[in-house]
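S.K.: What follows is coords_10.cif; its format and atoms are mmCIF, C-alpha atoms.
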data_entry
#
loop_
_atom_site.label_atom_id
_atom_site.label_comp_id
_atom_site.auth_asym_id
_atom_site.auth_seq_id
_atom_site.Cartn_x
_atom_site.Cartn_y
_atom_site.Cartn_z
CA MET A 1 30.62 5.51 26.09
CA GLU A 2 28.58 3.35 23.71
CA GLU A 3 30.44 0.91 21.53
CA GLU A 4 30.59 1.84 17.85
CA ASN A 5 28.82 -1.33 16.78
CA GLU A 6 26.02 -1.16 19.35
CA LYS A 7 22.62 -1.68 17.79
CA ARG A 8 20.26 1.26 17.30
CA ARG A 9 17.01 0.43 19.04
CA VAL A 10 13.88 1.53 17.18
CA ARG A 11 10.96 1.44 19.58
CA ILE A 12 7.70 0.76 17.78
CA GLY A 13 4.29 2.01 18.79
CA MET A 14 1.56 0.34 16.76
CA VAL A 15 -1.98 1.69 16.42
CA GLY A 16 -4.20 -1.28 15.58
CA GLY A 17 -3.85 -4.95 16.41
CA GLY A 18 -5.49 -6.87 13.56
CA ALA A 19 -4.24 -9.03 10.70
CA ILE A 20 -2.15 -6.31 9.06
CA ALA A 21 -0.55 -5.57 12.44
CA ARG A 22 0.59 -9.19 12.57
CA ALA A 23 2.06 -8.93 9.06
CA HIS A 24 3.96 -5.79 10.06
CA VAL A 25 5.35 -7.50 13.16
CA VAL A 26 6.63 -10.37 11.01
CA GLY A 27 8.25 -7.72 8.80
CA TYR A 28 10.10 -6.10 11.69
CA ARG A 29 11.27 -9.46 12.97
CA SER A 30 12.52 -10.44 9.50
CA VAL A 31 14.83 -7.45 8.97
CA PRO A 32 17.96 -8.74 10.76
CA LEU A 33 17.52 -12.29 9.45
CA LEU A 34 16.59 -11.67 5.81
CA HIS A 35 18.09 -8.23 5.12
CA GLY A 36 21.14 -8.43 7.35
CA LEU A 37 20.40 -5.09 9.00
CA ASP A 38 22.17 -6.12 12.20
CA SER A 39 22.76 -2.54 13.31
CA VAL A 40 19.04 -2.08 14.06
CA GLU A 41 17.03 -3.70 16.84
CA PRO A 42 13.25 -3.30 16.45
CA VAL A 43 11.64 -3.10 19.89
CA PHE A 44 7.90 -3.78 20.23
CA SER A 45 7.19 -1.12 22.79
CA VAL A 46 3.43 -0.45 22.91
CA VAL A 47 0.31 -1.36 20.94
CA ALA A 48 -3.00 0.55 20.99
CA ASP A 49 -6.41 -0.83 20.11
CA ALA A 50 -10.05 0.22 20.51
CA THR A 51 -10.62 -1.27 23.97
CA GLU A 52 -8.52 -2.41 26.93
CA GLU A 53 -9.40 -6.04 26.14
CA LEU A 54 -8.46 -5.80 22.46
CA ALA A 55 -5.24 -3.94 23.27
CA SER A 56 -4.27 -6.55 25.86
CA GLN A 57 -4.97 -9.39 23.43
CA ALA A 58 -2.91 -7.66 20.73
CA ALA A 59 0.04 -7.15 23.08
CA THR A 60 0.02 -10.83 24.03
CA LYS A 61 -0.43 -12.09 20.47
CA LEU A 62 2.09 -9.73 18.83
CA GLY A 63 4.69 -9.58 21.59
CA PHE A 64 4.46 -5.93 22.67
CA GLN A 65 5.82 -4.86 26.04
CA SER A 66 2.76 -2.79 26.92
CA HIS A 67 -0.66 -1.85 25.60
CA THR A 68 -3.22 0.96 25.78
CA PRO A 69 -6.79 1.63 24.64
CA ASN A 70 -5.80 5.29 24.06
CA TRP A 71 -3.56 5.86 21.04
CA ARG A 72 -2.81 9.40 22.22
CA THR A 73 -0.71 8.08 25.08
CA LEU A 74 1.23 6.04 22.53
CA ALA A 75 1.97 8.98 20.25
CA SER A 76 3.25 11.07 23.15
CA SER A 77 5.21 8.27 24.82
CA GLN A 78 8.94 8.68 25.40
CA ASP A 79 9.23 4.95 24.72
CA VAL A 80 8.17 5.23 21.05
CA ASP A 81 10.33 6.26 18.09
CA LEU A 82 8.21 5.01 15.19
CA VAL A 83 4.40 5.10 15.05
CA ASP A 84 3.03 2.36 12.80
CA ILE A 85 -0.61 3.06 11.83
CA VAL A 86 -2.62 -0.05 10.93
CA ALA A 87 -5.95 1.26 12.26
CA PRO A 88 -9.13 1.93 10.21
CA THR A 89 -8.73 4.63 7.55
CA PHE A 90 -10.78 7.31 9.35
CA LEU A 91 -8.25 7.33 12.21
CA HIS A 92 -5.12 7.73 10.07
CA SER A 93 -5.09 11.51 9.82
CA GLU A 94 -5.56 12.33 13.48
CA VAL A 95 -3.03 9.71 14.61
CA ALA A 96 -0.40 10.70 12.05
CA ILE A 97 -0.68 14.44 12.74
CA ASP A 98 -0.42 13.87 16.50
CA ALA A 99 2.58 11.56 15.99
CA ALA A 100 4.33 14.14 13.79
CA GLU A 101 3.70 16.89 16.33
CA HIS A 102 5.39 14.71 18.93
CA GLY A 103 8.39 14.19 16.65
CA LYS A 104 7.70 10.54 15.86
CA ASP A 105 8.61 8.88 12.59
CA ILE A 106 5.54 7.37 10.90
CA LEU A 107 4.55 4.40 8.75
CA CYS A 108 0.92 4.59 7.62
CA GLU A 109 -1.08 1.87 5.90
CA LYS A 110 -3.16 2.69 2.85
CA PRO A 111 -5.54 4.33 2.07
CA MET A 112 -3.76 7.34 3.52
CA ALA A 113 -6.93 9.07 4.77
CA ALA A 114 -10.67 9.32 4.25
CA SER A 115 -10.21 12.49 2.16
CA SER A 116 -7.46 14.17 0.18
CA GLY A 117 -7.83 17.16 2.48
CA ASP A 118 -6.95 15.04 5.51
CA ALA A 119 -4.12 13.42 3.54
CA ARG A 120 -2.69 16.85 2.76
CA LYS A 121 -2.83 17.80 6.45
CA MET A 122 -0.85 14.65 7.27
CA TYR A 123 1.76 15.51 4.65
CA ASP A 124 2.05 19.11 5.85
CA ALA A 125 2.41 18.01 9.49
CA ALA A 126 5.17 15.56 8.60
CA MET A 127 7.00 18.22 6.56
CA ARG A 128 6.79 20.74 9.43
CA ALA A 129 8.11 18.18 11.90
CA GLY A 130 10.83 16.85 9.59
CA VAL A 131 10.01 13.25 10.50
CA VAL A 132 10.28 10.14 8.35
CA ASN A 133 6.89 9.55 6.74
CA ALA A 134 6.25 6.33 4.84
CA MET A 135 3.17 5.04 3.01
CA GLY A 136 2.24 1.36 3.02
CA PHE A 137 2.17 0.83 -0.74
CA ASN A 138 3.95 -2.47 -0.29
CA TYR A 139 3.41 -3.84 -3.80
CA ARG A 140 6.09 -1.40 -5.00
CA ARG A 141 8.53 -3.58 -3.08
CA LEU A 142 7.97 -6.78 -5.06
CA PRO A 143 11.03 -7.82 -7.09
CA ALA A 144 8.97 -8.19 -10.29
CA VAL A 145 7.46 -4.69 -9.97
CA LEU A 146 10.88 -3.15 -9.41
CA GLN A 147 12.28 -5.11 -12.34
CA ALA A 148 9.47 -3.74 -14.50
CA LYS A 149 10.42 -0.22 -13.41
CA LYS A 150 14.06 -0.92 -14.27
CA LEU A 151 13.20 -2.15 -17.78
CA ILE A 152 10.96 0.88 -18.43
CA ASP A 153 13.60 3.34 -17.21
CA GLU A 154 16.30 1.64 -19.29
CA GLY A 155 14.20 2.07 -22.42
CA ALA A 156 13.68 -1.64 -23.03
CA LEU A 157 10.11 -0.95 -24.17
CA GLY A 158 10.93 2.13 -26.24
CA LYS A 159 8.46 5.00 -26.00
CA ILE A 160 5.61 4.09 -23.62
CA LEU A 161 2.31 4.09 -25.52
CA GLN A 162 -0.31 2.76 -23.10
CA PHE A 163 -0.86 1.33 -19.62
CA ARG A 164 -3.57 -0.63 -17.89
CA THR A 165 -3.96 -2.06 -14.41
CA SER A 166 -6.61 -3.75 -12.29
CA PHE A 167 -7.05 -5.00 -8.75
CA MET A 168 -9.90 -7.49 -8.38
CA GLU A 169 -11.03 -9.47 -5.32
CA ASP A 170 -14.29 -11.23 -4.49
CA TRP A 171 -14.95 -11.00 -0.76
CA GLY A 172 -17.34 -8.06 -1.27
CA ALA A 173 -19.58 -10.17 -3.49
CA ASN A 174 -20.82 -12.03 -0.40
CA PRO A 175 -24.20 -10.47 0.55
CA GLU A 176 -23.77 -11.82 4.10
CA MET A 177 -20.67 -9.70 4.67
CA PRO A 178 -21.85 -7.38 7.49
CA PHE A 179 -22.01 -3.60 7.41
CA THR A 180 -18.81 -2.01 8.73
CA TRP A 181 -16.94 1.30 8.44
CA ARG A 182 -15.59 0.10 5.08
CA TYR A 183 -19.03 0.71 3.54
CA VAL A 184 -19.28 4.33 4.78
CA SER A 185 -17.69 6.88 2.47
CA LYS A 186 -16.88 9.47 5.13
CA LEU A 187 -15.03 6.82 7.15
CA ALA A 188 -13.34 4.81 4.37
CA GLY A 189 -12.92 7.47 1.70
CA GLY A 190 -14.38 5.12 -0.90
CA GLY A 191 -14.97 1.46 -1.58
CA ALA A 192 -12.92 -0.69 -3.92
CA VAL A 193 -11.37 2.38 -5.55
CA ALA A 194 -9.87 3.53 -2.23
CA ASP A 195 -9.17 0.16 -0.63
CA LEU A 196 -7.72 -1.64 -3.66
CA GLY A 197 -7.37 1.22 -6.10
CA SER A 198 -4.90 3.10 -3.92
CA HIS A 199 -2.37 0.33 -4.56
CA VAL A 200 -2.71 0.27 -8.35
CA ILE A 201 -2.91 4.05 -8.64
CA ASP A 202 0.39 4.14 -6.78
CA ILE A 203 1.86 1.53 -9.13
CA ALA A 204 0.61 3.56 -12.11
CA ARG A 205 2.36 6.69 -10.75
CA PHE A 206 5.49 4.67 -9.93
CA LEU A 207 5.80 3.15 -13.40
CA ILE A 208 4.35 5.84 -15.69
CA GLY A 209 4.10 9.10 -13.72
CA ASP A 210 1.41 11.42 -12.39
CA LEU A 211 -2.17 11.23 -13.62
CA LYS A 212 -3.48 14.31 -15.44
CA SER A 213 -7.20 13.57 -15.88
CA VAL A 214 -9.72 10.76 -15.47
CA CYS A 215 -13.09 9.65 -16.82
CA ALA A 216 -14.73 7.06 -14.61
CA ALA A 217 -17.78 4.91 -13.94
CA GLN A 218 -18.64 3.33 -10.58
CA ASP A 219 -21.36 1.00 -9.32
CA THR A 220 -22.53 -0.48 -6.03
CA PHE A 221 -23.96 -3.99 -6.37
CA ILE A 222 -25.06 -4.60 -2.77
CA ARG A 223 -26.63 -1.40 -1.43
CA GLU A 224 -27.59 -2.57 2.06
CA ARG A 225 -25.86 -4.89 4.52
CA GLU A 226 -26.84 -6.33 7.90
CA LEU A 227 -25.66 -4.50 11.01
CA VAL A 228 -23.28 -6.50 13.20
CA GLU A 229 -25.04 -5.42 16.40
CA ASP A 230 -28.55 -6.13 15.05
CA PRO A 231 -28.85 -8.40 11.96
CA SER A 232 -32.56 -7.52 11.70
CA LYS A 233 -31.49 -4.03 10.62
CA SER A 234 -29.31 -2.92 7.75
CA GLY A 235 -26.94 -0.11 6.92
CA LYS A 236 -26.91 1.74 3.62
CA VAL A 237 -23.74 1.28 1.57
CA ASP A 238 -22.53 4.51 -0.05
CA VAL A 239 -19.22 3.34 -1.54
CA ASP A 240 -18.37 1.58 -4.79
CA ASP A 241 -18.08 -2.16 -5.31
CA TYR A 242 -16.67 -1.56 -8.78
CA THR A 243 -14.80 1.26 -10.52
CA CYS A 244 -13.36 1.64 -13.99
CA ALA A 245 -11.46 4.76 -15.05
CA LEU A 246 -9.90 5.88 -18.30
CA VAL A 247 -6.87 8.02 -17.54
CA TRP A 248 -4.44 10.39 -19.19
CA PHE A 249 -1.00 10.65 -17.63
CA GLU A 250 0.93 13.92 -17.52
CA SER A 251 3.36 12.31 -19.97
CA GLY A 252 0.58 11.96 -22.56
CA VAL A 253 0.22 8.20 -22.09
CA PRO A 254 -3.39 6.93 -22.06
CA GLY A 255 -4.49 4.12 -19.77
CA ARG A 256 -7.12 2.35 -17.72
CA ILE A 257 -7.49 1.59 -13.99
CA GLU A 258 -10.10 -0.93 -12.81
CA THR A 259 -10.94 -2.11 -9.30
CA SER A 260 -13.54 -4.42 -7.74
CA TRP A 261 -13.98 -6.31 -4.51
CA SER A 262 -16.97 -8.14 -6.00
CA SER A 263 -15.35 -10.08 -8.86
CA VAL A 264 -16.31 -13.66 -8.07
CA GLY A 265 -13.33 -16.00 -8.41
CA ARG A 266 -10.68 -13.31 -8.11
CA LYS A 267 -8.72 -13.42 -4.86
CA VAL A 268 -5.79 -10.99 -5.07
CA PHE A 269 -5.81 -10.30 -8.80
CA LEU A 270 -3.53 -7.29 -9.09
CA ASP A 271 -2.14 -6.99 -12.61
CA PHE A 272 -0.68 -4.41 -14.96
CA GLU A 273 0.45 -4.21 -18.56
CA VAL A 274 2.78 -1.63 -20.05
CA ASN A 275 2.95 -1.39 -23.85
CA GLY A 276 5.73 0.50 -25.58
CA ALA A 277 6.73 1.06 -29.19
CA GLU A 278 9.37 -1.67 -28.91
CA GLY A 279 8.18 -3.99 -26.17
CA SER A 280 5.64 -4.86 -23.48
CA LEU A 281 5.51 -6.00 -19.86
CA TYR A 282 2.81 -7.91 -17.99
CA PHE A 283 2.59 -8.75 -14.27
CA ASN A 284 -0.06 -10.53 -12.21
CA PHE A 285 0.26 -10.82 -8.43
CA GLU A 286 -1.37 -14.25 -8.49
CA ARG A 287 1.96 -15.28 -10.09
CA PRO A 288 4.13 -12.86 -8.10
CA ASN A 289 7.54 -14.21 -9.11
CA GLU A 290 6.98 -13.90 -12.84
CA LEU A 291 7.31 -10.91 -15.16
CA GLN A 292 6.28 -11.31 -18.80
CA PHE A 293 8.51 -9.40 -21.22
CA TYR A 294 8.14 -9.04 -24.98
CA SER A 295 10.78 -7.32 -27.09
CA ALA A 296 10.20 -6.30 -30.70
CA ARG A 297 13.99 -6.04 -30.94
CA ASP A 298 14.32 -9.83 -30.86
CA PRO A 299 14.80 -11.58 -34.22
CA LYS A 300 11.40 -12.14 -35.81
CA ASP A 301 11.75 -15.91 -35.71
CA ARG A 302 12.00 -15.90 -31.88
CA GLN A 303 9.71 -13.08 -30.81
CA GLY A 304 7.24 -13.82 -28.04
CA HIS A 305 6.59 -13.14 -24.39
CA ARG A 306 9.37 -14.56 -22.25
CA THR A 307 8.88 -15.29 -18.55
CA ILE A 308 11.47 -13.71 -16.29
CA ILE A 309 11.61 -15.70 -13.03
CA MET A 310 12.60 -13.65 -10.00
CA GLY A 311 15.72 -14.64 -8.12
CA PRO A 312 18.77 -13.30 -6.24
CA GLN A 313 19.82 -11.28 -9.30
CA HIS A 314 16.66 -9.14 -9.09
CA PRO A 315 15.71 -6.32 -6.66
CA TYR A 316 15.42 -7.68 -3.09
CA GLY A 317 16.12 -11.16 -4.47
CA ALA A 318 18.86 -11.83 -1.94
CA SER A 319 16.32 -11.31 0.88
CA PHE A 320 14.16 -14.30 -0.12
CA SER A 321 13.94 -16.72 2.80
CA PHE A 322 15.55 -19.23 0.43
CA PRO A 323 17.53 -17.09 -2.06
CA ALA A 324 17.22 -19.15 -5.22
CA THR A 325 15.58 -18.32 -8.53
CA GLY A 326 11.91 -19.27 -8.44
CA SER A 327 11.91 -19.93 -4.69
CA GLY A 328 9.19 -17.38 -4.23
CA ALA A 329 8.22 -13.95 -2.97
CA GLY A 330 4.71 -12.87 -2.05
CA PHE A 331 2.68 -10.42 0.01
CA GLN A 332 4.66 -10.90 3.22
CA ASP A 333 7.94 -10.46 1.38
CA SER A 334 6.75 -7.13 -0.03
CA LEU A 335 5.98 -6.00 3.52
CA ASN A 336 9.33 -7.28 4.80
CA ASN A 337 11.08 -5.21 2.12
CA GLU A 338 8.97 -2.15 2.91
CA ILE A 339 9.73 -2.30 6.63
CA TYR A 340 13.42 -2.81 5.92
CA GLU A 341 13.39 0.46 3.98
CA VAL A 342 11.41 2.22 6.73
CA LEU A 343 13.90 1.17 9.43
CA ASN A 344 16.79 2.20 7.19
CA ALA A 345 15.20 5.63 6.78
CA VAL A 346 14.58 5.96 10.53
CA VAL A 347 18.14 5.15 11.61
CA SER A 348 19.69 7.32 8.88
CA SER A 349 17.10 10.15 9.13
CA SER A 350 16.73 9.95 5.36
CA LYS A 351 13.76 10.40 3.05
CA MET A 352 11.51 7.46 2.36
CA LYS A 353 9.59 6.63 -0.82
CA PRO A 354 6.69 6.19 -1.18
CA ASP A 355 5.97 8.91 1.37
CA PHE A 356 3.02 11.06 2.47
CA TYR A 357 3.32 13.12 -0.70
CA ASP A 358 2.67 9.98 -2.72
CA GLY A 359 -0.23 9.08 -0.45
CA TRP A 360 -1.76 12.52 -0.94
CA LYS A 361 -1.41 12.31 -4.72
CA VAL A 362 -3.16 8.94 -4.71
CA ALA A 363 -5.95 10.35 -2.53
CA ARG A 364 -6.37 13.21 -5.02
CA ALA A 365 -6.68 10.70 -7.87
CA VAL A 366 -9.30 8.68 -5.94
CA GLU A 367 -11.43 11.78 -5.42
CA ALA A 368 -11.09 12.82 -9.06
CA ILE A 369 -12.31 9.37 -10.12
CA GLN A 370 -15.29 9.66 -7.76
CA GLU A 371 -16.14 13.14 -9.05
CA SER A 372 -15.90 11.97 -12.65
CA SER A 373 -18.33 9.13 -11.99
CA ARG A 374 -20.80 11.54 -10.36
CA SER A 375 -20.54 14.20 -13.07
CA GLN A 376 -20.05 11.81 -16.00
CA LYS A 377 -17.28 14.09 -17.25
CA TRP A 378 -13.50 14.12 -17.53
CA VAL A 379 -12.00 15.53 -14.32
CA ASP A 380 -8.49 16.92 -13.77
CA VAL A 381 -6.52 15.24 -11.00
#
As structure tokens, how would this structure be written, given the file I've shared?

M.R.:
Amino acid sequence: MEEENEKRRVRIGMVGGGAIARAHVVGYRSVPLLHGLDSVEPVFSVVADATEELASQAATKLGFQSHTPNWRTLASSQDVDLVDIVAPTFLHSEVAIDAAEHGKDILCEKPMAASSGDARKMYDAAMRAGVVNAMGFNYRRLPAVLQAKKLIDEGALGKILQFRTSFMEDWGANPEMPFTWRYVSKLAGGGAVADLGSHVIDIARFLIGDLKSVCAAQDTFIRERELVEDPSKSGKVDVDDYTCALVWFESGVPGRIETSWSSVGRKVFLDFEVNGAEGSLYFNFERPNELQFYSARDPKDRQGHRTIIMGPQHPYGASFSFPATGSGAGFQDSLNNEIYEVLNAVVSSSKMKPDFYDGWKVARAVEAIQESSRSQKWVDV
């Protein structure tokens, strides 16, 4: 008979072995140390990648017990409990549906799929199977973002009047960046609006609620890029480098969502501002441990934006590697917190948020933005 306090082993099968795979592995390893979840033992069972060589390299680098160039053997393996999808977007749907049909719990990186139709199929498959299904919208797990949500829900801002958010990076501004699947709409589902926009659309839904309609403009600055296999030839880019969308939320709040991977000088510039009748909030991921808060309820002689520094008293604050106010949380910490919640959901067979429903709703919003840009009209989400 097993002892009551014996650890629950969660055997991980990972599809993809790149940089995000490494970040996920760090997250799994951090759970017992930073979150104190001693009842769970993550086991790195098998990793799949595109070729035998890449899969072998990933297994060695990431510490997996075995590897395969065929993700289907991973999804059907008796040695896998949780399928973690960190592969290119066009593979997400097929992998997730197969994993669900084999009764595996699933964590899927964003964007959820290359189309909202495929995203819906993933959601339906997970619902039929009754498995844990989690979306990799990790920025929800930052202490400052959760503190913003808490202040909004408590009414600290009064009635919400408007919202804006942006996610700007600059790597796409490099004309020497080669042509890859990211620049093909049917494989990536979109450019900056899918890759970066999926995060801020999720934050918008998390903080304000569902989007009702959008009116958008998109542009592509670099329309051809050199092929990796033959630099003398080029591939045609059919995704956006830049997107800006006016939005109406179901709640009646107006707002704006802007994304670009070609904003020179911006690295990971994810920000949002929420304005209410009695206060405002501002967050910028380039200063991830700070939340700016303004309250019109303060005496007039001391009104102004105050900086709230994240610490142990804030959401996930006790899980900082050094739990002291201002000691710092960043991208990896958001992933650590996300994976902690995923493992909790797996061992307790409980629901996880954000889940595949949230991923599908974001995919719907992305497609509505794209349709609005094409038609130059307001489009319902």

S.K.: Have a look at A:Thr220, A:Ser116, A:Ser295, A:Ser66 and name the one nearest to A:Leu281; count all atoms listed in the file.

M.R.: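 Answer, going by the shortest atom-to-atom distance: A:Ser295.
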
S.K.: Identify, on the basis of all atoms listed in the file, every residue whose closest approach to stretch 361-363 of chain A does not exceed 8 Å; exclude the query and any residue fewer than 3 positions from it along the same chain; express the result as number ranges by chain.

M.R.: A: 111-113, 115-116, 119, 194, 198, 201-202, 357-358, 366-367

S.K.: Can you give me, as a PyMOL selection string, the residues this file yields under the PyMOL selection byres ((chain A and resi 356) around 12)?

M.R.: chain A and resi 92-93+96-97+100+105-113+116+118-127+131-137+202+351-355+357-363

S.K.: Since I can't run it myself right now, could you work out what the PyMOL selection byres ((chain A and resi 325) around 12) selects here and report it as a list of chain:residue names?

M.R.: A:Pro143, A:Asn289, A:Glu290, A:Ile308, A:Ile309, A:Met310, A:Gly311, A:Pro312, A:Gln313, A:His314, A:Tyr316, A:Gly317, A:Ala318, A:Ser319, A:Phe320, A:Ser321, A:Phe322, A:Pro323, A:Ala324, A:Gly326, A:Ser327, A:Gly328, A:Ala329

S.K.: If we count all atoms listed in the file, what is near stretch 304-307 of chain A at a cut-off of 6 Å, once residues fewer than 3 positions away on the same chain are taken out, given as a PyMOL selection string?

M.R.: chain A and resi 291-294

S.K.: Apply the PyMOL selection byres ((chain A and resi 286) around 12) to the displayed file and report the matching residues as an NGL selection string.

M.R.: :A and (167-169 or 266-272 or 283-285 or 287-291 or 328-331)

S.K.: For a cut-off of 8 Å around (-20.0, -2.1, 1.7), file coordinates, pick out all residues using only C-alpha atoms and list them as a PyMOL selection string.

M.R.: chain A and resi 172+179-180+182-184+191+222-225+237-241

S.K.: Name all residues at most 9 Å from A:Gln376 (count only C-alpha atoms; drop same-chain ones fewer than 4 positions away) and give them as a PyMOL selection string.

M.R.: chain A and resi 215-217+371-372

S.K.: In Å, with one decimal, what is the gap from atom CA of A:Pro69 to atom CA of A:Ala50?

M.R.: 5.4 Å

S.K.: Find, counting all atoms listed in the file, the residue in A:Ile369, A:Ile152, A:Asn275, A:Tyr139 that gets nearest to A:Tyr242.

M.R.: A:Ile369

S.K.: Quick one, how far is atom CA of A:Asn336 from atom CA of A:Asp38?

M.R.: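 Computing the Euclidean distance for atom CA of A:Asn336 and atom CA of A:Asp38 yields 14.9 Å.
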
S.K.: Which of these residues is nearest to A:Gln332, using all atoms listed in the file: A:Thr259, A:Asn138, A:Ser77, A:Ser56?

M.R.: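 Between A:Thr259, A:Asn138, A:Ser77, A:Ser56, the residue approaching A:Gln332 most closely is A:Asn138.
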
S.K.: What does the distance from atom CA of A:Ser348 to atom CA of A:Ala204 come to in Å, to one decimal?

M.R.: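 Atom CA of A:Ser348 sits 28.6 Å away from atom CA of A:Ala204.
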
S.K.: Rank A:Lys233, A:Ser213, A:Glu226, A:Ser166 by their smallest atom-to-atom distance to A:Arg256, using all atoms listed in the file, and report the top residue only.

M.R.: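 Smallest separation from A:Arg256 among the options: A:Ser166.
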
S.K.: Hey, what's within 7 Å of A:Lys212 if we count all atoms listed in the file and toss same-chain stuff fewer than 4 positions away? As a list in words, please?

M.R.: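 Final neighbour list, sorted by chain and number: Trp248, Phe249, Glu250, Asp380 and Val381 of chain A.
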